[in-house]
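Here is the structure we will look at, set down as C-alpha cells.
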Amino acid sequence: MAEDKKETEKIARCAMCADMCKYSCPTYLATGRETLTPQKMARLIVYSGKGFLEDEDGFFALMFQSAMCGACKRHCIYGDYDLRRFIQEARVKAFARGIIPQDVKQRVEIFKKFGNPHGEREVVDKGKGETGYFISCSSYKDKDLLKAADKVLAESGLKVRQFGGGDICCGAPLYYAGDMEGFYKASLRTKGEIEKRRLRKIIVDCPTCLKMMTETYREVGLNLEVELIHTTQFIGTLLQQGKFNIKKANRIVTFHDPCILANDLNITNAPREIITSLGYTLKEPVYSQEHTHCCGAAYGAKIGDHRLKDAATSMRMKELRDTAADVYVTACPTCKSVLSGINMKYITELVAERIVAQR
C-alpha cells in the first residue's frame with residue numbers, strides 16, 4: 001500500500017508540474033498538440049484513475065500516441081520518475097479491454113502467428129563460440145547491415161555465433177501493445193534460445209532489444225545470465241585494441257542518436273568515438289545526444305497512429321538534413337529503416353566500409 005501511495009504521488013506531482021519537459025517531447029514538437037505533452041497525459045491518467053473521464057476509448061487511444069522515447073524522463077526535474085511506466089499501465093488495461101489501435105492489433109496478431117512482428121519464418125544461426133550476435137527483427141532482412149556485420153566479425157578474428165529471425169524476438173512489440181502475457185512468453189523463448197546456445201556474452205544491434213533484455217525482462221521476473229552489450233560498445237573496443245586495418249575517411253558525418261540508446265542506455269560517446277576514429281568529421285544536428293528526438297519508430301509498435309508517427313519522422317529527417325552532411329549514420333536498425341529517406345546507414349556499415357582486409 002505504501003508503494004501504491006508513493007506511485008500515486010509521483011503521477012500527481014507530474015500532473016501539476018509546469019510541463020517544461022514538453023519542449024523535449026518529439027510528438028508534441030511535431031504536432032503542437034497539447035494533449036500529447038507529458039503533463040497533460042499525466043493529468044488524464046490521474047483523472048482516469050479517479051473515474052472522471054467519460055471518453056474511455058479516447059483516453060486509451062491517446063496512450064498509444066506516446067513515442068515512449070524517454071525524453072520526458074531525461075528532462076524531468078524529479079529524478080525518480082518515469083511517466084512511461086504509467087502510460088504502459090494504461091496500455092495494459094487497454095489491451096485487456098480490447099481497446100487498442102487497429103494497426104497495433106494487427107501487429108500483435110502477426111507476432112502471435114509467426115513469433116515476430118514481420119512474419120518471418122527462417123532462423124539465422126551461424127558461427128560458433130560463447131559470444132553471440134543477436135540479429136533483431138529490424139535487422140533480419142537488412143542485407144547491407146548483415147553483410148557489414150559479417151565483415152566486421154570475420155576481421156575481428158573472434159569466434160561469434162550469429163542468431164535471430166524466425167520466432168527469436170525480444171517481444172518488444174507485444175510489450176508496447178500492452179500484451180504482458182504474450183511478452184512474457186516471448187521473453188521465455190528468447191531466454192531459452194540463449195541458454196540452448198550456451199552463450200556467455202551477447203552483442204545486440206537493436207537498442208530496444210537491449211533495453212528489453214537488460215531491464216524489462218526483470219520486470220516480469222526473468223534474468224538473463226549473460227553479459228549484454230550494444231554493437232557500438234563491441235566495435236569501439238575492437239577499434240581501441242587495433243583489431244582492424246582502417247583506411248581513414250575524409251567526409252562529414254551526422255549521427256542520429258536512437259532515443260532508447262541515449263535516454264535509457266546512456267550510450268552516446270561510443271558511436272561518436274567510432275566515427276571520429278575512422279577519420280570522419282562529426283557534425284551534430286541541433287537535437288543530439290541526451291536531447292535527441294525520436295525517429296518516430298515503427299508504426300503500430302510504440303506509436304499507434306500513423307499520422308503522428310509520420311509527423312515525428314518528418315521532423316527528425318529535417319533536423320538531420322539541416323546539417324548537410326555527406327553521410328547520415330545511426331546505431332539502431334529501426335531508426336535506419338524509418339529514416340531511409342535520407343539514406344541512413346547503420347554504424348557497422350560505416351566501419352565495414354573503412355576496413356581494409358588483412359591478407
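Ligands are numbered from 1 in the order shown, residues from 1 within each chain, and chains are lettered A, B, ... in the order they appear in the C-alpha cells.
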Enumerate as an NGL selection string all residues of range 38-193 of chain A assigned to helix (DSSP H, G or I) by DSSP on the backbone, naming them with the chain letters and numbers the document uses. :A and (38-49 or 56-63 or 71-74 or 83-96 or 102-114 or 143-156 or 172-177 or 180-193)
Could you list, as a list in words, every residue within 9 Å of Gly127 in chain A, counting only C-alpha atoms and ignoring same-chain residues fewer than 5 positions away? Gly132, Lys159, Val160, Arg161, Gln162 and Phe163 of chain A
Which residues come within 8 Å of Thr313 in chain A, counting only C-alpha atoms, excluding same-chain residues fewer than 5 positions away, as a compact mmCIF listing (two decimals) with C-alpha atoms, in the first residue's frame?
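Heads up, here's the output in out-v9.txt:
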```
# COMPACT_ATOMS: atom_id res chain seq x y z
CA CYS A 294 12.82 10.00 -31.68
CA CYS A 295 12.70 8.89 -35.32
CA GLY A 296 9.00 8.09 -34.91
CA ALA A 297 9.72 4.35 -34.63
CA VAL A 338 12.34 4.67 -40.56
CA LEU A 339 14.80 7.39 -41.66
```
Of the candidates A:Thr276, A:Asn245, A:Asn269, A:Thr281, which shows the shortest atom-to-atom distance to Gln233 in chain A, using only C-alpha atoms? A:Asn269
Show me, as an MDAnalysis selection string, the residues that have an atom within 8 Å of Ala301 in chain A when counting only C-alpha atoms, minus same-chain residues fewer than 3 positions from it. chainID A and resid 104 107 173 176:177 297:298 304
Export C-alpha atoms of the chosen residues as a PDB file, in the first residue's frame?
```pdb
ATOM      1  CA  VAL A 104      -1.320  -2.339 -33.095  1.00  0.00           C
ATOM      2  CA  ARG A 107       0.969  -6.282 -35.330  1.00  0.00           C
ATOM      3  CA  PRO A 173       6.082  -5.106 -29.932  1.00  0.00           C
ATOM      4  CA  TYR A 176       4.313  -1.796 -26.153  1.00  0.00           C
ATOM      5  CA  ALA A 177       0.919  -3.182 -27.206  1.00  0.00           C
ATOM      6  CA  ALA A 297       9.716   4.352 -34.634  1.00  0.00           C
ATOM      7  CA  ALA A 298       7.851   1.619 -36.471  1.00  0.00           C
ATOM      8  CA  GLY A 304      -0.260   3.514 -32.876  1.00  0.00           C
TER       9      GLY A 304
END
```
Among the residues of range 69-232 of chain A, find those DSSP assigns to strand (DSSP E) from the backbone and print them as a PyMOL selection string. chain A and resi 123-126+131-135+160-165+201-204+227-230
Can you pull out the residues contacting Tyr28 in chain A? Cut-off 12 Å, using only C-alpha atoms, and skip same-chain residues under 2 positions away; I want them as a PyMOL selection string. chain A and resi 19-26+30-41+65-67+71-72+293-294+296+308-309+311-312+315
Take the residues from that selection and put them in a file with N, CA and C atoms, as a compact mmCIF listing (two decimals), in the first residue's frame.
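And here is the file that came out, again.txt:
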```txt
# COMPACT_ATOMS: atom_id res chain seq x y z
N ASP A 19 5.24 21.59 -16.78
CA ASP A 19 5.22 20.99 -18.11
C ASP A 19 6.31 21.52 -19.03
N MET A 20 7.42 21.94 -18.49
CA MET A 20 8.51 22.45 -19.34
C MET A 20 9.16 21.33 -20.15
N CYS A 21 9.02 20.09 -19.69
CA CYS A 21 9.63 18.98 -20.42
C CYS A 21 8.97 18.76 -21.78
N LYS A 22 7.84 19.43 -22.02
CA LYS A 22 7.17 19.25 -23.30
C LYS A 22 8.04 19.72 -24.46
N TYR A 23 8.98 20.62 -24.17
CA TYR A 23 9.85 21.14 -25.22
C TYR A 23 10.94 20.15 -25.61
N SER A 24 10.95 18.99 -24.96
CA SER A 24 11.83 17.89 -25.37
C SER A 24 11.03 16.75 -25.98
N CYS A 25 9.71 16.86 -25.95
CA CYS A 25 8.83 15.78 -26.42
C CYS A 25 8.65 15.83 -27.93
N PRO A 26 9.13 14.82 -28.67
CA PRO A 26 9.05 14.86 -30.13
C PRO A 26 7.63 14.85 -30.69
N ALA A 30 6.34 17.87 -32.95
CA ALA A 30 5.98 17.56 -34.34
C ALA A 30 4.55 17.95 -34.67
N THR A 31 3.70 18.03 -33.66
CA THR A 31 2.28 18.29 -33.92
C THR A 31 1.73 19.55 -33.27
N GLY A 32 2.34 19.99 -32.16
CA GLY A 32 1.82 21.14 -31.43
C GLY A 32 0.58 20.82 -30.61
N ARG A 33 0.27 19.54 -30.47
CA ARG A 33 -0.94 19.13 -29.73
C ARG A 33 -0.64 19.07 -28.24
N GLU A 34 -1.30 19.91 -27.48
CA GLU A 34 -1.07 19.99 -26.04
C GLU A 34 -1.42 18.70 -25.31
N THR A 35 -2.39 17.95 -25.82
CA THR A 35 -2.78 16.71 -25.14
C THR A 35 -1.68 15.66 -25.18
N LEU A 36 -0.67 15.86 -26.06
CA LEU A 36 0.42 14.91 -26.16
C LEU A 36 1.59 15.25 -25.25
N THR A 37 1.51 16.38 -24.55
CA THR A 37 2.60 16.74 -23.65
C THR A 37 2.59 15.82 -22.43
N PRO A 38 3.74 15.58 -21.82
CA PRO A 38 3.81 14.69 -20.66
C PRO A 38 2.87 15.09 -19.54
N GLN A 39 2.82 16.37 -19.22
CA GLN A 39 1.96 16.80 -18.11
C GLN A 39 0.49 16.56 -18.39
N LYS A 40 0.06 16.83 -19.63
CA LYS A 40 -1.35 16.62 -19.97
C LYS A 40 -1.69 15.14 -19.94
N MET A 41 -0.77 14.30 -20.41
CA MET A 41 -1.01 12.86 -20.34
C MET A 41 -1.09 12.40 -18.88
N GLN A 65 -0.34 7.11 -28.36
CA GLN A 65 0.25 8.17 -29.18
C GLN A 65 1.54 8.71 -28.57
N SER A 66 2.03 8.04 -27.56
CA SER A 66 3.33 8.38 -26.99
C SER A 66 4.41 7.62 -27.74
N ALA A 67 5.53 8.27 -28.00
CA ALA A 67 6.65 7.59 -28.66
C ALA A 67 7.42 6.70 -27.69
N ALA A 71 12.26 10.96 -23.53
CA ALA A 71 12.71 12.36 -23.49
C ALA A 71 12.20 13.05 -22.24
N CYS A 72 10.96 12.75 -21.85
CA CYS A 72 10.38 13.39 -20.67
C CYS A 72 11.09 12.92 -19.40
N HIS A 293 15.88 13.56 -30.73
CA HIS A 293 14.46 13.36 -31.00
C HIS A 293 14.23 11.98 -31.61
N CYS A 294 13.19 11.33 -31.19
CA CYS A 294 12.82 10.00 -31.68
C CYS A 294 12.56 10.05 -33.18
N GLY A 296 10.41 8.39 -34.66
CA GLY A 296 9.00 8.09 -34.91
C GLY A 296 8.72 6.61 -34.75
N LEU A 308 0.71 10.61 -36.63
CA LEU A 308 1.63 11.11 -35.61
C LEU A 308 3.04 10.57 -35.86
N LYS A 309 3.13 9.30 -36.19
CA LYS A 309 4.43 8.69 -36.49
C LYS A 309 5.08 9.42 -37.66
N ALA A 311 4.57 12.44 -38.72
CA ALA A 311 4.94 13.81 -38.35
C ALA A 311 6.26 13.83 -37.58
N ALA A 312 6.42 12.89 -36.66
CA ALA A 312 7.66 12.81 -35.88
C ALA A 312 8.84 12.45 -36.78
N MET A 315 9.81 15.47 -38.98
CA MET A 315 10.52 16.47 -38.20
C MET A 315 11.97 16.06 -37.99
```
One decimal, Å: what's the distance from CA of Asp4 in chain A over to CA of Gly49 in chain A, could you say?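 Interatomic distance, CA of Asp4 in chain A to CA of Gly49 in chain A: 12.5 Å.
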Could you produce a table of the residues of range 86-181 of chain A lying within 6 Å of range 341-355 of chain A, with the nearest pair of atoms per residue and their separation in Å rounded to one decimal, using only C-alpha atoms, ordered by chain and increasing residue number, as JSON lines?
```
{"residue": "A:Leu145", "atom": "CA", "partner": "A:Glu349", "partner_atom": "CA", "distance": 6.0}
{"residue": "A:Ala148", "atom": "CA", "partner": "A:Glu349", "partner_atom": "CA", "distance": 5.0}
{"residue": "A:Val152", "atom": "CA", "partner": "A:Ala352", "partner_atom": "CA", "distance": 5.9}
```
Find the residues around Leu222 in chain A up to 10 Å (only C-alpha atoms counted), leave out those fewer than 4 positions away in its own chain, and share them as a VMD selection string. chain A and resid 184 187 to 188 191 213 to 218
Output as a tab-separated table one row per residue of range 289-357 of chain A within 12 Å of range 196-204 of chain A: the closest atom pair and its distance in Å to one decimal place, counting only C-alpha atoms, sorted by chain and residue number ascending.
```
residue	atom	partner	partner_atom	distance
A:Ala331	CA	A:Val204	CA	10.5
A:Cys332	CA	A:Val204	CA	9.9
A:Pro333	CA	A:Val204	CA	10.7
A:Thr348	CA	A:Val204	CA	11.9
```
Selected residues, N, CA and C atoms, written as a PDB file, in the first residue's frame, please.
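Saved to again_7.pdb:
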```pdb
ATOM      1  N   ALA A 331      22.655   4.040 -34.874  1.00  0.00           N
ATOM      2  CA  ALA A 331      23.059   2.788 -34.224  1.00  0.00           C
ATOM      3  C   ALA A 331      21.829   2.011 -33.792  1.00  0.00           C
ATOM      4  N   CYS A 332      20.778   2.082 -34.609  1.00  0.00           N
ATOM      5  CA  CYS A 332      19.537   1.341 -34.382  1.00  0.00           C
ATOM      6  C   CYS A 332      18.982   0.930 -35.732  1.00  0.00           C
ATOM      7  N   PRO A 333      18.761  -0.359 -35.969  1.00  0.00           N
ATOM      8  CA  PRO A 333      18.233  -0.803 -37.261  1.00  0.00           C
ATOM      9  C   PRO A 333      16.842  -0.269 -37.569  1.00  0.00           C
ATOM     10  N   THR A 348      27.674  -0.058 -38.178  1.00  0.00           N
ATOM     11  CA  THR A 348      28.501  -1.201 -38.577  1.00  0.00           C
ATOM     12  C   THR A 348      28.869  -1.113 -40.054  1.00  0.00           C
TER      13      THR A 348
END
```
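Minimum atom-to-atom distances from A:Lys151, A:Lys302, A:Arg272, A:Arg307 to Ile87 in chain A were compared using only C-alpha atoms, and the lowest value belongs to A:Lys302.
Shortest separation to Cys17 in chain A among A:Cys76, A:Ala149, A:Met63, A:Ala90 occurs at residue A:Cys76, atoms counted being only C-alpha atoms.
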In terms of the shortest atom-to-atom distance over only C-alpha atoms, which of A:Thr131, A:Thr190, A:Thr334, A:Asn116 is closest to Ile229 in chain A?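 Closest candidate: A:Thr131.
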So that I can see what lies close to Arg321 in chain A, please list as a PDB file with N, CA and C atoms, in the first residue's frame the residues with an atom at most 9 Å from it, counting only C-alpha atoms and leaving out residues fewer than 3 positions away in the same chain.
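This is the output file out31.pdb:
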```pdb
ATOM      1  N   THR A 254      26.856  12.965 -39.919  1.00  0.00           N
ATOM      2  CA  THR A 254      25.902  13.343 -38.866  1.00  0.00           C
ATOM      3  C   THR A 254      25.368  12.063 -38.248  1.00  0.00           C
ATOM      4  N   PRO A 285      23.480  17.391 -35.269  1.00  0.00           N
ATOM      5  CA  PRO A 285      22.219  18.082 -35.515  1.00  0.00           C
ATOM      6  C   PRO A 285      21.877  18.936 -34.298  1.00  0.00           C
ATOM      7  N   ARG A 316      12.191  14.797 -37.645  1.00  0.00           N
ATOM      8  CA  ARG A 316      13.551  14.347 -37.383  1.00  0.00           C
ATOM      9  C   ARG A 316      14.400  14.349 -38.648  1.00  0.00           C
ATOM     10  N   MET A 317      13.839  13.959 -39.774  1.00  0.00           N
ATOM     11  CA  MET A 317      14.606  13.957 -41.012  1.00  0.00           C
ATOM     12  C   MET A 317      15.034  15.372 -41.397  1.00  0.00           C
ATOM     13  N   LYS A 318      14.159  16.339 -41.169  1.00  0.00           N
ATOM     14  CA  LYS A 318      14.518  17.730 -41.468  1.00  0.00           C
ATOM     15  C   LYS A 318      15.667  18.193 -40.573  1.00  0.00           C
ATOM     16  N   ALA A 324      23.434  19.104 -43.551  1.00  0.00           N
ATOM     17  CA  ALA A 324      24.029  18.985 -44.894  1.00  0.00           C
ATOM     18  C   ALA A 324      25.278  18.106 -44.881  1.00  0.00           C
ATOM     19  N   ALA A 325      25.226  17.037 -44.122  1.00  0.00           N
ATOM     20  CA  ALA A 325      26.366  16.120 -44.026  1.00  0.00           C
ATOM     21  C   ALA A 325      26.485  15.261 -45.281  1.00  0.00           C
ATOM     22  N   TYR A 328      24.805  10.046 -43.281  1.00  0.00           N
ATOM     23  CA  TYR A 328      23.967  10.018 -42.083  1.00  0.00           C
ATOM     24  C   TYR A 328      24.021   8.613 -41.489  1.00  0.00           C
ATOM     25  N   ILE A 342      16.716   9.658 -45.949  1.00  0.00           N
ATOM     26  CA  ILE A 342      17.988  10.373 -46.056  1.00  0.00           C
ATOM     27  C   ILE A 342      19.153   9.382 -46.187  1.00  0.00           C
TER      28      ILE A 342
END
```
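Here CA of Thr330 in chain A stands at a distance of 25.1 Å from CA of Asp82 in chain A.
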